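Engineer: First the structure, then my questions, so here it is.
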Amino acid sequence: MSILNLDKIFKPQRIAVVGASNNPGSVGYTVLKNLVGSGFPGVVYPVNPRYEAVQGIHAYPDVKSLPRTPDLAIICTPAPTVPDLVRQCGEAGILGVIILSAGFKETGEEGRRLEERLKEEAKKFPGLRILGPNCLGVIVPSLRLNASFAAAMPPDGHVAFISQSGALCTSVLDWAIAEGIGFSHFVSIGNMVDVNFGDLIDYFGQEERTRSIILYVESITEARQFMSAARAFARTKPIVVYKAGRFAESARAASSHTGAMAGEDAVYDAAFRRAGAVRVYEISDIFDTAELLARVRPPLGARLAIVTNAGGPGVMATDALLARRGQLAELAPQTLERLNQVLPPFWSHGNPVDVLGDAPPERYAKALEIVLQDPGVDAALVILTPQAMTDPTGTAQAVAEVARRGRKPILAAWMGGAAVEEGLKILNQAGIPTYRTPDQAVQAFMHLVDYGRNLDLLYQTPREIPVEFAVDRAQIRQAFLPRLAQAKVLDERAAKELLAAYGIPVTLPELARTEEEAVALAQRLGFPVVLKVSSPDILHKTDVGGVLVEVRTEEGVRQGFRQILENVRARRPEARLEGVTVQRMAPVARGVELILGAKKDPTFGAVILVGAGGVTAEVLQDRALGLPPLNERLATHLVESLRIWPLLQGYRGRPRLNVEKLVEVIIRFSYLVADFPEIKEIDVNPLLVTPEEVVAIDARVIADEEALRQPPRPYSHLAIRPYPEGYERWVTLHDGTRVLLRPIRPEDEPLWHEMLAISSRESIRFRFRYIFKETTHQMAIPYCFIDYDREMAIVGIVEENGRKRMIGVGRLISDPDRTRAEYAVFVADPWQNKGLGSILTDYCLEIARSWGIRKVTAETTPDNFRMIRIFERRGFRLEHKSEESVVLAAKLLE
């Protein structure tokens with residue numbers, strides 16, 4: 001990942017237009033015209049060997065003839081000329097290149113070869129950054145920079161728009177200009193031979209003018225970089241995504257239920273959620289959604305109260321809400337009683353709250369204020385239809401005043417035309433999102449809900465898992481990897497043995513080659529039993545009549561054995577038959593069958609699926625996908641998002657199922673998936689969940705033969721880097737105390753709060769540069785939840801009276817290029833002057849060197865003498881800024 005030299009593309013001082021032209025129908029003509037006509041204050045060099053001047057500006061035959069080296073070259077020539085021109089740009093010392101030319105991989109095999117040539121030329125010049133090819137270009141309104149062949153310059157704004165489609169860019173640009181929508185940057189990214197989505201998200205994340213990002217995505221490359229960049233940006237600013245190609249038929253060739261159910265679009269959806277981004281499905285929604293998320297706090301949940309002066313629009317809003325899986329808030333009895341006191345007798349007495357057509361502004365305001373105070377309400381939608389006695393303007397003023405005093409989100413649907421225009425202006429000025437119809441308002445509310453949920457997944461700080469993962473994962477790999485390499489497909493017994501090694505309960509099948517062996521096994525296991533065909537060639541046994549359940553007698557076993565073999569021989573005569581397996585019958589009638597699986601997606605790597613299982617799994621398509629690694633909160637979210645979630649909770653008098661054990665099994669399964677990049681697909685179907693237990697009834701594992709041929713690379717198949725266990729070590733303080741140093745975990749949040757609670761105001765001021773009375777969950781988020789690809793926080797942990805305590809933290813935050821890192825350290829007061837600060841500093845510097853960091857910087861206060869001594873002893877260069885009351889420390893690493 002790199003933002004290196006992207007300033008050359010987005011903040012150039014000198015620009016060369018290679019292929020500048022006098023032909024009004026050419027790209028080279030339009031680009032030069034746009035640069036000059038938009039008021040770009042820098043220098044523009046036309047480059048064309050055929051002309052002495054282009055559009056009245058002195059031209060140059062090639063880039064090496066230019067009087068000064070430009071920051072940026074824009075190439076507008078035919079595709080076959082581009083590789084040589086890139087080489088000339090590199091030789092001339094140009095560090096930024098935009099290639100507008102089409103005719104590369106998008107045109108077929110010949111274009112693909114040409115694009116490879118382009119990449120080879122670019123590799124010769126480290127630091128050269130290329131945007132494109134096959135793109136529209138770049139527009140930066142604040143700099144009056146239109147380095148594109150788009151027709152017009154949009155207004156300045158705070159949204160960065162990044163699109164893979166140049167054609168879409170022109171349409172969006174025309175529409176945005178007509179609507180007065182402004183941009184901080186407008187970027188057509190093209191084929192992404194170099195600069196990709198991750199690079200741009202990182203770059204705009206450091207750019208103060210950009211408050212939100214809109215992505216038009218056709219495909220993602222460098223998924224791990226994209227996820228890391230998006231998760232870093234989404235912590236503080238919203239990302240809105242429109243993904244094209246939703247219905248690609250990529251799942252047709254899948255071998256397992258999981259492969260068939262986890263199609264390409266579903267995987268992208270899971271990735272966007274885990275990245276904290278909000279996905280929209282209508283291109284017309286992208287700007288409204290980006291603006292909404294940037295200025296409205298997301299609600300705590302999906303429970304919406306509706307206040308309306310007409311029953312019909314209230315019903316419309318309810319339908320739209322339930323269709324999008326929102327929740328109509330159930331008003332508390334106290335709330336209903338309070339509404340009875342302020343509303344006419346004929347009000348609706350429920351949610352939606354119909355305040356009736358003659359409602360004056362005061363009635364609207366009182367009803368809205370009451371429902372917002374209900375703890376079961378997360379947000380409110382106010383609907384107004386202009387009736388004879390309606391005051392749209394006065395009601396808008398009253399609603400705006402309620403919004404000013406409250407904290408819960410309020411949305412408004414002012415239906416009508418000219419009569420409601422003034423009211424809409426008042427609501428907009430008050431920061432209340434306004435819509436013309438209830439359906440549009442509900443859709444916007446659900447975007448807010450999705451954003452809040454995704455941030456929850458991004459920031460979650462789960463409690464410790466209530467089980468010990470007492471498995472030797474290295475030993476399990478050593479035992480099962482040879483079996484996977486040899487068989488390529490692990491049969492049911494071998495697959496279940498692998499699951500059992502990770503602590504996942506299974507019913508182990510016993511192989512019977514004859515009827516007599518089957519009867520003997522059934523007698524030993526106890527009736528009822530399940531019979532299944534055993535064949536390395538059959539993945540889905542039910543499809544070939546290879547499964548019999550609830551077999552309760554010896555004669556039933558004999559008949560079933562014969563029947564299964566007859567069925568399989570008739571339907572799959574070529575299949576190799578080993579016999580029939582016998583296993584105990586799990587209590588299916590008392591539980592729910594799920595599917596738990598994983599597959600290796602070509603873009604995002606390993607993906608975990610949980611859904612309604614059994615033989616109808618692919619028909620029901622009730623599934624949720626997540627990217628490993630999973631912890632308790634993430635696994636719980638997957639289960640809660642299923643349509644069959646009410647069945648797991650206990651439905652119509654049925655007992656609640658063991659959801660806690662299910663979550664534990666999903667977490668254990670995610671460890672298995674993370675540990676084996678050599679697994680292509682794995683199915684546990686069905687996974688039976690009962691009130692007492694969770695047990696795998698059937699399982700199959702398919703190997704990734706290509707991965708088996710390669711040297712093992714831990715976690716290379718994961719889009720999100722898991723917890724880095726390799727950084728754990730024990731140290732001893734001056735007083736002999738043994739301390740565990742390890743990376744921080746999200747579940748360390750309670751320990752982090754306790755550490756600050758026992759520290760002095762002075763220590764807190766030294767570290768945070770300000771004093772606070774108490775810490776909050778929001779404060780803990782950036783310190784306890786980190787992206788291990790770009791941050792490291794090493795905590796010191798001791799055990800006192802059987803309780804773990806955090807006693808200090810050393811923190812490194814690198815830039816996206818991993819060339820520079822900021823360092824900070826904190827030691828709780830009772831543990832100061834024992835050498836912990838020095839130990840943490842030395843360890844973090846060691847980590848920085850292993851990352852390839854070249855410079856470490858830090859800040860402290862002039863009166864933090866202990867920290868200043870630590871820096872001095874380690875060769876930091878100190879700069880005292882007395883006017884700012886800060887000491888800057890910097891160290892170059894070898």
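Labeling convention for the structure tokens: chains A, B, ... as they appear, residues from 1 per chain, ligands from 1 in order of appearance.
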Applying 7 Å and only C-alpha atoms, which residues near segment 870-880 of chain A remain after dropping the ones on its own chain fewer than 4 positions away? List them as an mmCIF file with N, CA, C and O atoms, in the first residue's frame.

Structural biologist:
data_model
loop_
_atom_site.group_PDB
_atom_site.id
_atom_site.type_symbol
_atom_site.label_atom_id
_atom_site.label_comp_id
_atom_site.auth_asym_id
_atom_site.auth_seq_id
_atom_site.Cartn_x
_atom_site.Cartn_y
_atom_site.Cartn_z
ATOM 1 N N SER A 838 11.092 2.120 29.450
ATOM 2 C CA SER A 838 12.251 1.825 28.596
ATOM 3 C C SER A 838 12.057 0.509 27.850
ATOM 4 O O SER A 838 12.376 0.390 26.658
ATOM 5 N N ARG A 866 11.102 12.139 32.579
ATOM 6 C CA ARG A 866 11.413 10.715 32.413
ATOM 7 C C ARG A 866 11.357 10.318 30.943
ATOM 8 O O ARG A 866 12.217 9.586 30.447
ATOM 9 N N VAL A 886 5.781 22.008 23.672
ATOM 10 C CA VAL A 886 5.921 20.634 23.201
ATOM 11 C C VAL A 886 7.382 20.358 22.877
ATOM 12 O O VAL A 886 8.131 21.261 22.493
ATOM 13 N N VAL A 887 7.784 19.108 23.083
ATOM 14 C CA VAL A 887 9.099 18.636 22.672
ATOM 15 C C VAL A 887 8.890 17.587 21.582
ATOM 16 O O VAL A 887 8.195 16.587 21.782
ATOM 17 N N LEU A 888 9.492 17.840 20.408
ATOM 18 C CA LEU A 888 9.399 16.909 19.292
ATOM 19 C C LEU A 888 10.626 16.001 19.295
ATOM 20 O O LEU A 888 11.757 16.483 19.421
ATOM 21 N N ALA A 889 10.398 14.709 19.180
ATOM 22 C CA ALA A 889 11.490 13.738 19.179
ATOM 23 C C ALA A 889 11.459 12.968 17.863
ATOM 24 O O ALA A 889 10.392 12.607 17.366
ATOM 25 N N ALA A 890 12.636 12.709 17.292
ATOM 26 C CA ALA A 890 12.710 11.970 16.031
ATOM 27 C C ALA A 890 13.963 11.112 16.022
ATOM 28 O O ALA A 890 15.022 11.526 16.514
ATOM 29 N N LYS A 891 13.842 9.905 15.478
ATOM 30 C CA LYS A 891 14.973 8.982 15.403
ATOM 31 C C LYS A 891 14.955 8.276 14.057
ATOM 32 O O LYS A 891 13.932 7.717 13.640
#

Engineer: Write out as a PyMOL selection string each polymer residue whose atoms come within 9 Å of Val827 of chain A, counting only C-alpha atoms; drop sequence neighbours fewer than 3 positions from it.

Structural biologist: chain A and resi 755+759+763+796+807-810+830-832+836-837

Engineer: Do you know which residues are at most 9 Å from Val588 of chain A counting only C-alpha atoms, after dropping those on the same chain fewer than 5 positions away, and could you put them as a PDB file with N, CA, C and O atoms, in the first residue's frame?

Structural biologist:
ATOM      1  N   GLU A 593     -31.582 -27.220  11.993  1.00  0.00           N
ATOM      2  CA  GLU A 593     -30.423 -27.553  11.173  1.00  0.00           C
ATOM      3  C   GLU A 593     -29.865 -26.286  10.525  1.00  0.00           C
ATOM      4  O   GLU A 593     -30.586 -25.552   9.847  1.00  0.00           O
ATOM      5  N   LEU A 688     -26.396 -29.287  13.715  1.00  0.00           N
ATOM      6  CA  LEU A 688     -27.625 -29.331  14.496  1.00  0.00           C
ATOM      7  C   LEU A 688     -27.471 -28.527  15.786  1.00  0.00           C
ATOM      8  O   LEU A 688     -26.520 -28.725  16.543  1.00  0.00           O
ATOM      9  N   VAL A 689     -28.427 -27.622  16.015  1.00  0.00           N
ATOM     10  CA  VAL A 689     -28.449 -26.808  17.233  1.00  0.00           C
ATOM     11  C   VAL A 689     -29.698 -27.188  18.025  1.00  0.00           C
ATOM     12  O   VAL A 689     -30.817 -27.063  17.535  1.00  0.00           O
ATOM     13  N   THR A 690     -29.517 -27.663  19.248  1.00  0.00           N
ATOM     14  CA  THR A 690     -30.618 -28.030  20.139  1.00  0.00           C
ATOM     15  C   THR A 690     -30.529 -27.177  21.401  1.00  0.00           C
ATOM     16  O   THR A 690     -29.565 -26.425  21.580  1.00  0.00           O
TER      17      THR A 690
END

Engineer: Quick check for you: according to DSSP on this backbone, which residues of segment 208-417 of chain A are classed as helix (DSSP H, G or I)? Reply as a compact mmCIF listing (two decimals) with N, CA and C atoms, in the first residue's frame.

Structural biologist:
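selection.txt was written with the following content:
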# COMPACT_ATOMS: atom_id res chain seq x y z
N ALA A 223 -7.10 -6.98 -2.01
CA ALA A 223 -8.21 -6.92 -1.05
C ALA A 223 -7.74 -6.55 0.35
N ARG A 224 -6.61 -7.09 0.78
CA ARG A 224 -6.14 -6.81 2.14
C ARG A 224 -5.80 -5.34 2.31
N GLN A 225 -5.20 -4.75 1.28
CA GLN A 225 -4.91 -3.32 1.33
C GLN A 225 -6.20 -2.51 1.35
N PHE A 226 -7.16 -2.90 0.51
CA PHE A 226 -8.44 -2.19 0.47
C PHE A 226 -9.11 -2.24 1.84
N MET A 227 -9.16 -3.42 2.45
CA MET A 227 -9.83 -3.56 3.75
C MET A 227 -9.13 -2.73 4.82
N SER A 228 -7.82 -2.74 4.82
CA SER A 228 -7.07 -1.98 5.83
C SER A 228 -7.32 -0.49 5.67
N ALA A 229 -7.25 0.00 4.42
CA ALA A 229 -7.46 1.43 4.17
C ALA A 229 -8.88 1.84 4.49
N ALA A 230 -9.86 1.04 4.05
CA ALA A 230 -11.26 1.39 4.27
C ALA A 230 -11.59 1.39 5.76
N ARG A 231 -11.07 0.41 6.50
CA ARG A 231 -11.36 0.34 7.93
C ARG A 231 -10.75 1.53 8.67
N ALA A 232 -9.56 1.97 8.23
CA ALA A 232 -8.93 3.13 8.85
C ALA A 232 -9.74 4.40 8.57
N PHE A 233 -10.20 4.57 7.33
CA PHE A 233 -10.96 5.77 6.97
C PHE A 233 -12.32 5.78 7.67
N ALA A 234 -12.99 4.60 7.69
CA ALA A 234 -14.36 4.53 8.20
C ALA A 234 -14.45 4.78 9.70
N HIS A 257 -22.21 -26.80 -0.92
CA HIS A 257 -23.32 -25.89 -0.63
C HIS A 257 -22.80 -24.48 -0.36
N THR A 258 -21.73 -24.39 0.42
CA THR A 258 -21.17 -23.08 0.76
C THR A 258 -20.74 -22.34 -0.50
N GLY A 259 -20.05 -23.04 -1.41
CA GLY A 259 -19.62 -22.40 -2.63
C GLY A 259 -20.78 -21.88 -3.45
N ALA A 260 -21.88 -22.64 -3.48
CA ALA A 260 -23.04 -22.23 -4.25
C ALA A 260 -23.77 -21.06 -3.60
N MET A 261 -23.79 -21.02 -2.26
CA MET A 261 -24.55 -20.00 -1.54
C MET A 261 -23.75 -18.72 -1.35
N GLU A 264 -20.33 -14.24 -5.54
CA GLU A 264 -19.40 -13.12 -5.56
C GLU A 264 -19.97 -11.88 -4.89
N ASP A 265 -21.23 -11.54 -5.21
CA ASP A 265 -21.81 -10.32 -4.67
C ASP A 265 -21.99 -10.41 -3.16
N ALA A 266 -22.37 -11.58 -2.67
CA ALA A 266 -22.54 -11.75 -1.23
C ALA A 266 -21.23 -11.58 -0.50
N VAL A 267 -20.12 -12.00 -1.11
CA VAL A 267 -18.81 -11.84 -0.50
C VAL A 267 -18.43 -10.36 -0.45
N TYR A 268 -18.65 -9.64 -1.54
CA TYR A 268 -18.39 -8.19 -1.54
C TYR A 268 -19.22 -7.51 -0.45
N ASP A 269 -20.47 -7.93 -0.32
CA ASP A 269 -21.35 -7.34 0.69
C ASP A 269 -20.76 -7.53 2.09
N ALA A 270 -20.29 -8.74 2.37
CA ALA A 270 -19.68 -9.02 3.67
C ALA A 270 -18.42 -8.20 3.88
N ALA A 271 -17.63 -8.04 2.83
CA ALA A 271 -16.39 -7.26 2.95
C ALA A 271 -16.69 -5.79 3.22
N PHE A 272 -17.68 -5.23 2.52
CA PHE A 272 -18.02 -3.83 2.75
C PHE A 272 -18.51 -3.62 4.18
N ARG A 273 -19.34 -4.53 4.68
CA ARG A 273 -19.83 -4.40 6.06
C ARG A 273 -18.66 -4.44 7.04
N ARG A 274 -17.73 -5.38 6.85
CA ARG A 274 -16.61 -5.51 7.78
C ARG A 274 -15.68 -4.30 7.69
N ILE A 283 -27.93 3.96 -7.92
CA ILE A 283 -26.87 4.94 -8.14
C ILE A 283 -27.35 6.35 -7.77
N SER A 284 -28.66 6.58 -7.86
CA SER A 284 -29.20 7.90 -7.52
C SER A 284 -29.13 8.18 -6.02
N ASP A 285 -28.89 7.15 -5.20
CA ASP A 285 -28.85 7.33 -3.75
C ASP A 285 -27.48 7.73 -3.22
N ILE A 286 -26.46 7.64 -4.05
CA ILE A 286 -25.10 7.72 -3.50
C ILE A 286 -24.80 9.06 -2.84
N PHE A 287 -25.20 10.16 -3.46
CA PHE A 287 -24.83 11.47 -2.90
C PHE A 287 -25.68 11.81 -1.68
N ASP A 288 -26.99 11.51 -1.76
CA ASP A 288 -27.84 11.75 -0.59
C ASP A 288 -27.34 10.95 0.61
N THR A 289 -26.96 9.69 0.35
CA THR A 289 -26.50 8.84 1.45
C THR A 289 -25.19 9.34 2.02
N ALA A 290 -24.26 9.73 1.16
CA ALA A 290 -22.98 10.25 1.64
C ALA A 290 -23.18 11.49 2.49
N GLU A 291 -24.05 12.39 2.04
CA GLU A 291 -24.32 13.61 2.82
C GLU A 291 -25.00 13.26 4.14
N LEU A 292 -25.95 12.34 4.09
CA LEU A 292 -26.67 11.92 5.30
C LEU A 292 -25.72 11.36 6.35
N LEU A 293 -24.87 10.43 5.94
CA LEU A 293 -23.97 9.78 6.90
C LEU A 293 -22.94 10.74 7.46
N ALA A 294 -22.58 11.75 6.68
CA ALA A 294 -21.56 12.69 7.13
C ALA A 294 -22.10 13.67 8.17
N ARG A 295 -23.44 13.87 8.23
CA ARG A 295 -23.94 14.91 9.13
C ARG A 295 -24.95 14.43 10.16
N GLY A 311 -53.16 8.58 8.09
CA GLY A 311 -52.93 7.15 8.29
C GLY A 311 -52.25 6.48 7.12
N GLY A 312 -52.65 6.85 5.88
CA GLY A 312 -52.09 6.19 4.71
C GLY A 312 -50.57 6.29 4.61
N PRO A 313 -49.98 7.49 4.68
CA PRO A 313 -48.52 7.59 4.64
C PRO A 313 -47.83 6.86 5.78
N GLY A 314 -48.52 6.79 6.96
CA GLY A 314 -47.93 6.03 8.06
C GLY A 314 -47.84 4.55 7.73
N VAL A 315 -48.88 4.02 7.07
CA VAL A 315 -48.87 2.62 6.65
C VAL A 315 -47.79 2.40 5.58
N MET A 316 -47.67 3.35 4.65
CA MET A 316 -46.62 3.26 3.61
C MET A 316 -45.25 3.18 4.26
N ALA A 317 -45.01 4.03 5.25
CA ALA A 317 -43.72 4.03 5.93
C ALA A 317 -43.48 2.71 6.66
N THR A 318 -44.53 2.19 7.30
CA THR A 318 -44.40 0.91 8.02
C THR A 318 -44.06 -0.22 7.06
N ASP A 319 -44.76 -0.28 5.92
CA ASP A 319 -44.47 -1.31 4.91
C ASP A 319 -43.03 -1.22 4.44
N ALA A 320 -42.59 0.00 4.15
CA ALA A 320 -41.22 0.18 3.67
C ALA A 320 -40.21 -0.23 4.73
N LEU A 321 -40.52 0.08 5.99
CA LEU A 321 -39.61 -0.26 7.09
C LEU A 321 -39.48 -1.77 7.25
N LEU A 322 -40.60 -2.48 7.29
CA LEU A 322 -40.57 -3.92 7.51
C LEU A 322 -39.98 -4.64 6.31
N ALA A 323 -40.22 -4.11 5.10
CA ALA A 323 -39.65 -4.72 3.89
C ALA A 323 -38.13 -4.66 3.91
N PRO A 333 -45.96 1.46 27.70
CA PRO A 333 -47.25 1.91 28.26
C PRO A 333 -47.21 3.34 28.78
N GLN A 334 -46.07 3.72 29.41
CA GLN A 334 -45.97 5.10 29.92
C GLN A 334 -46.01 6.10 28.78
N THR A 335 -45.38 5.74 27.65
CA THR A 335 -45.40 6.63 26.49
C THR A 335 -46.81 6.78 25.94
N LEU A 336 -47.52 5.67 25.83
CA LEU A 336 -48.90 5.73 25.34
C LEU A 336 -49.78 6.58 26.25
N GLU A 337 -49.57 6.47 27.57
CA GLU A 337 -50.37 7.26 28.50
C GLU A 337 -50.06 8.75 28.35
N ARG A 338 -48.81 9.09 28.18
CA ARG A 338 -48.44 10.50 27.99
C ARG A 338 -49.03 11.03 26.69
N LEU A 339 -49.04 10.20 25.63
CA LEU A 339 -49.64 10.63 24.36
C LEU A 339 -51.14 10.81 24.51
N ASN A 340 -51.77 9.97 25.29
CA ASN A 340 -53.22 10.13 25.54
C ASN A 340 -53.55 11.49 26.12
N GLN A 341 -52.61 12.02 26.91
CA GLN A 341 -52.86 13.29 27.59
C GLN A 341 -52.72 14.50 26.66
N VAL A 342 -52.02 14.34 25.52
CA VAL A 342 -51.79 15.50 24.65
C VAL A 342 -52.45 15.35 23.28
N PRO A 361 -48.89 22.77 14.88
CA PRO A 361 -47.46 22.50 15.14
C PRO A 361 -47.19 22.04 16.57
N GLU A 362 -47.90 22.60 17.55
CA GLU A 362 -47.65 22.26 18.95
C GLU A 362 -47.94 20.79 19.22
N ARG A 363 -49.02 20.26 18.60
CA ARG A 363 -49.38 18.85 18.81
C ARG A 363 -48.31 17.94 18.22
N TYR A 364 -47.85 18.29 17.01
CA TYR A 364 -46.76 17.53 16.38
C TYR A 364 -45.55 17.49 17.31
N ALA A 365 -45.17 18.66 17.82
CA ALA A 365 -43.95 18.77 18.62
C ALA A 365 -44.06 17.96 19.91
N LYS A 366 -45.22 18.06 20.59
CA LYS A 366 -45.39 17.32 21.85
C LYS A 366 -45.33 15.81 21.61
N ALA A 367 -46.03 15.34 20.55
CA ALA A 367 -46.02 13.91 20.25
C ALA A 367 -44.61 13.43 19.91
N LEU A 368 -43.89 14.21 19.11
CA LEU A 368 -42.52 13.83 18.73
C LEU A 368 -41.60 13.78 19.94
N GLU A 369 -41.73 14.78 20.80
CA GLU A 369 -40.87 14.82 21.99
C GLU A 369 -41.13 13.62 22.90
N ILE A 370 -42.38 13.22 23.03
CA ILE A 370 -42.72 12.10 23.91
C ILE A 370 -42.17 10.79 23.36
N VAL A 371 -42.35 10.54 22.06
CA VAL A 371 -41.89 9.26 21.52
C VAL A 371 -40.36 9.18 21.52
N LEU A 372 -39.70 10.30 21.35
CA LEU A 372 -38.23 10.28 21.38
C LEU A 372 -37.69 9.98 22.77
N PRO A 392 -47.51 23.59 7.28
CA PRO A 392 -46.23 22.93 7.01
C PRO A 392 -45.03 23.72 7.51
N THR A 393 -45.09 25.05 7.40
CA THR A 393 -43.96 25.87 7.82
C THR A 393 -43.84 25.92 9.34
N GLY A 394 -44.96 26.14 10.03
CA GLY A 394 -44.93 26.19 11.49
C GLY A 394 -44.57 24.84 12.08
N THR A 395 -45.05 23.75 11.47
CA THR A 395 -44.71 22.42 11.96
C THR A 395 -43.22 22.14 11.78
N ALA A 396 -42.68 22.59 10.66
CA ALA A 396 -41.24 22.42 10.44
C ALA A 396 -40.44 23.15 11.52
N GLN A 397 -40.88 24.36 11.87
CA GLN A 397 -40.18 25.11 12.93
C GLN A 397 -40.27 24.38 14.27
N ALA A 398 -41.44 23.82 14.56
CA ALA A 398 -41.62 23.10 15.82
C ALA A 398 -40.76 21.83 15.86
N VAL A 399 -40.70 21.10 14.76
CA VAL A 399 -39.87 19.89 14.69
C VAL A 399 -38.40 20.24 14.81
N ALA A 400 -37.99 21.33 14.17
CA ALA A 400 -36.59 21.76 14.25
C ALA A 400 -36.21 22.08 15.69
N GLU A 401 -37.13 22.67 16.45
CA GLU A 401 -36.83 23.00 17.85
C GLU A 401 -36.69 21.72 18.68
N VAL A 402 -37.53 20.70 18.44
CA VAL A 402 -37.39 19.42 19.15
C VAL A 402 -36.04 18.77 18.81
N ALA A 403 -35.67 18.83 17.53
CA ALA A 403 -34.39 18.23 17.11
C ALA A 403 -33.22 18.93 17.77
N ARG A 404 -33.33 20.25 17.95
CA ARG A 404 -32.23 21.01 18.56
C ARG A 404 -31.99 20.56 20.00
N ARG A 405 -33.06 20.18 20.70
CA ARG A 405 -32.94 19.81 22.12
C ARG A 405 -32.59 18.33 22.31

Engineer: Mind giving me the straight-line distance from atom CA of Gly431 of chain A to atom CA of Lys408 of chain A in Å, one decimal?

Structural biologist: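 Pair atom CA of Gly431 of chain A / atom CA of Lys408 of chain A returns 12.6 Å.
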
Engineer: Quick one: everything within 9 Å of Met585 of chain A, counting only C-alpha atoms, minus sequence neighbours fewer than 5 positions away in the same chain. Send it as a VMD selection string.

Structural biologist: chain A and resid 507 526 to 530 549 to 551 697

Engineer: Can I get the selection written as an mmCIF file, in the first residue's frame, with C-alpha atoms?

Structural biologist:
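What follows is the written file result-v2.cif:
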data_model
loop_
_atom_site.group_PDB
_atom_site.id
_atom_site.type_symbol
_atom_site.label_atom_id
_atom_site.label_comp_id
_atom_site.auth_asym_id
_atom_site.auth_seq_id
_atom_site.Cartn_x
_atom_site.Cartn_y
_atom_site.Cartn_z
ATOM 1 C CA THR A 507 -21.108 -37.489 15.472
ATOM 2 C CA GLY A 526 -27.473 -47.561 20.185
ATOM 3 C CA PHE A 527 -30.655 -46.987 18.176
ATOM 4 C CA PRO A 528 -31.801 -44.932 16.407
ATOM 5 C CA VAL A 529 -28.940 -44.556 13.915
ATOM 6 C CA VAL A 530 -28.206 -42.835 10.614
ATOM 7 C CA VAL A 549 -32.289 -41.465 9.152
ATOM 8 C CA GLU A 550 -34.196 -42.694 12.209
ATOM 9 C CA VAL A 551 -33.278 -46.349 11.596
ATOM 10 C CA ILE A 697 -23.950 -34.140 11.588
#

Engineer: Which of these residues is nearest to Ser535 of chain A, using only C-alpha atoms: A:Ile667, A:Ala485, A:Leu577, A:Val355?

Structural biologist: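 Going through A:Ile667, A:Ala485, A:Leu577, A:Val355 one by one, the smallest distance to Ser535 of chain A is for A:Leu577.
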
Engineer: Using the chain letters and numbers from this document, which residues of segment 263-510 of chain A does DSSP assign to strand (DSSP E or B), as a VMD selection string?

Structural biologist: chain A and resid 278 to 280 303 to 308 327 to 328 353 to 354 379 to 384 410 to 414 434 to 435 489 to 490 506 510

Engineer: Please produce a file of the residues just selected, as an mmCIF file, in the first residue's frame, where the atoms kept are C-alpha atoms.

Structural biologist:
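Output (selection03.cif):
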data_model
loop_
_atom_site.group_PDB
_atom_site.id
_atom_site.type_symbol
_atom_site.label_atom_id
_atom_site.label_comp_id
_atom_site.auth_asym_id
_atom_site.auth_seq_id
_atom_site.Cartn_x
_atom_site.Cartn_y
_atom_site.Cartn_z
ATOM 1 C CA VAL A 278 -22.426 1.454 3.586
ATOM 2 C CA ARG A 279 -23.585 -0.100 0.354
ATOM 3 C CA VAL A 280 -26.353 1.458 -1.755
ATOM 4 C CA ARG A 303 -36.472 0.794 16.073
ATOM 5 C CA LEU A 304 -38.302 3.634 14.329
ATOM 6 C CA ALA A 305 -41.218 5.697 15.650
ATOM 7 C CA ILE A 306 -43.446 7.309 13.017
ATOM 8 C CA VAL A 307 -45.398 10.514 13.711
ATOM 9 C CA THR A 308 -47.863 11.445 10.959
ATOM 10 C CA GLN A 327 -38.311 -2.517 13.321
ATOM 11 C CA LEU A 328 -41.452 -0.578 14.119
ATOM 12 C CA VAL A 353 -48.615 7.853 15.939
ATOM 13 C CA ASP A 354 -51.387 9.496 13.902
ATOM 14 C CA ALA A 379 -35.137 7.400 15.851
ATOM 15 C CA ALA A 380 -38.271 9.127 14.586
ATOM 16 C CA LEU A 381 -39.751 9.825 11.176
ATOM 17 C CA VAL A 382 -42.121 12.804 10.973
ATOM 18 C CA ILE A 383 -44.549 12.733 8.040
ATOM 19 C CA LEU A 384 -46.640 15.708 6.973
ATOM 20 C CA ILE A 410 -35.086 12.716 13.270
ATOM 21 C CA LEU A 411 -36.006 12.382 9.597
ATOM 22 C CA ALA A 412 -38.819 14.210 7.842
ATOM 23 C CA ALA A 413 -41.078 13.454 4.866
ATOM 24 C CA TRP A 414 -42.886 16.660 3.842
ATOM 25 C CA THR A 434 -35.860 15.747 4.367
ATOM 26 C CA TYR A 435 -37.566 13.586 1.777
ATOM 27 C CA VAL A 489 -11.018 -34.337 -0.387
ATOM 28 C CA LEU A 490 -11.466 -35.318 3.242
ATOM 29 C CA VAL A 506 -19.343 -34.182 16.015
ATOM 30 C CA GLU A 510 -18.205 -45.819 11.639
#

Engineer: Distance atom CA of Pro505 of chain A-atom CA of Pro628 of chain A, one decimal place?

Structural biologist: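 Spanning atom CA of Pro505 of chain A to atom CA of Pro628 of chain A is a straight-line distance of 20.6 Å.
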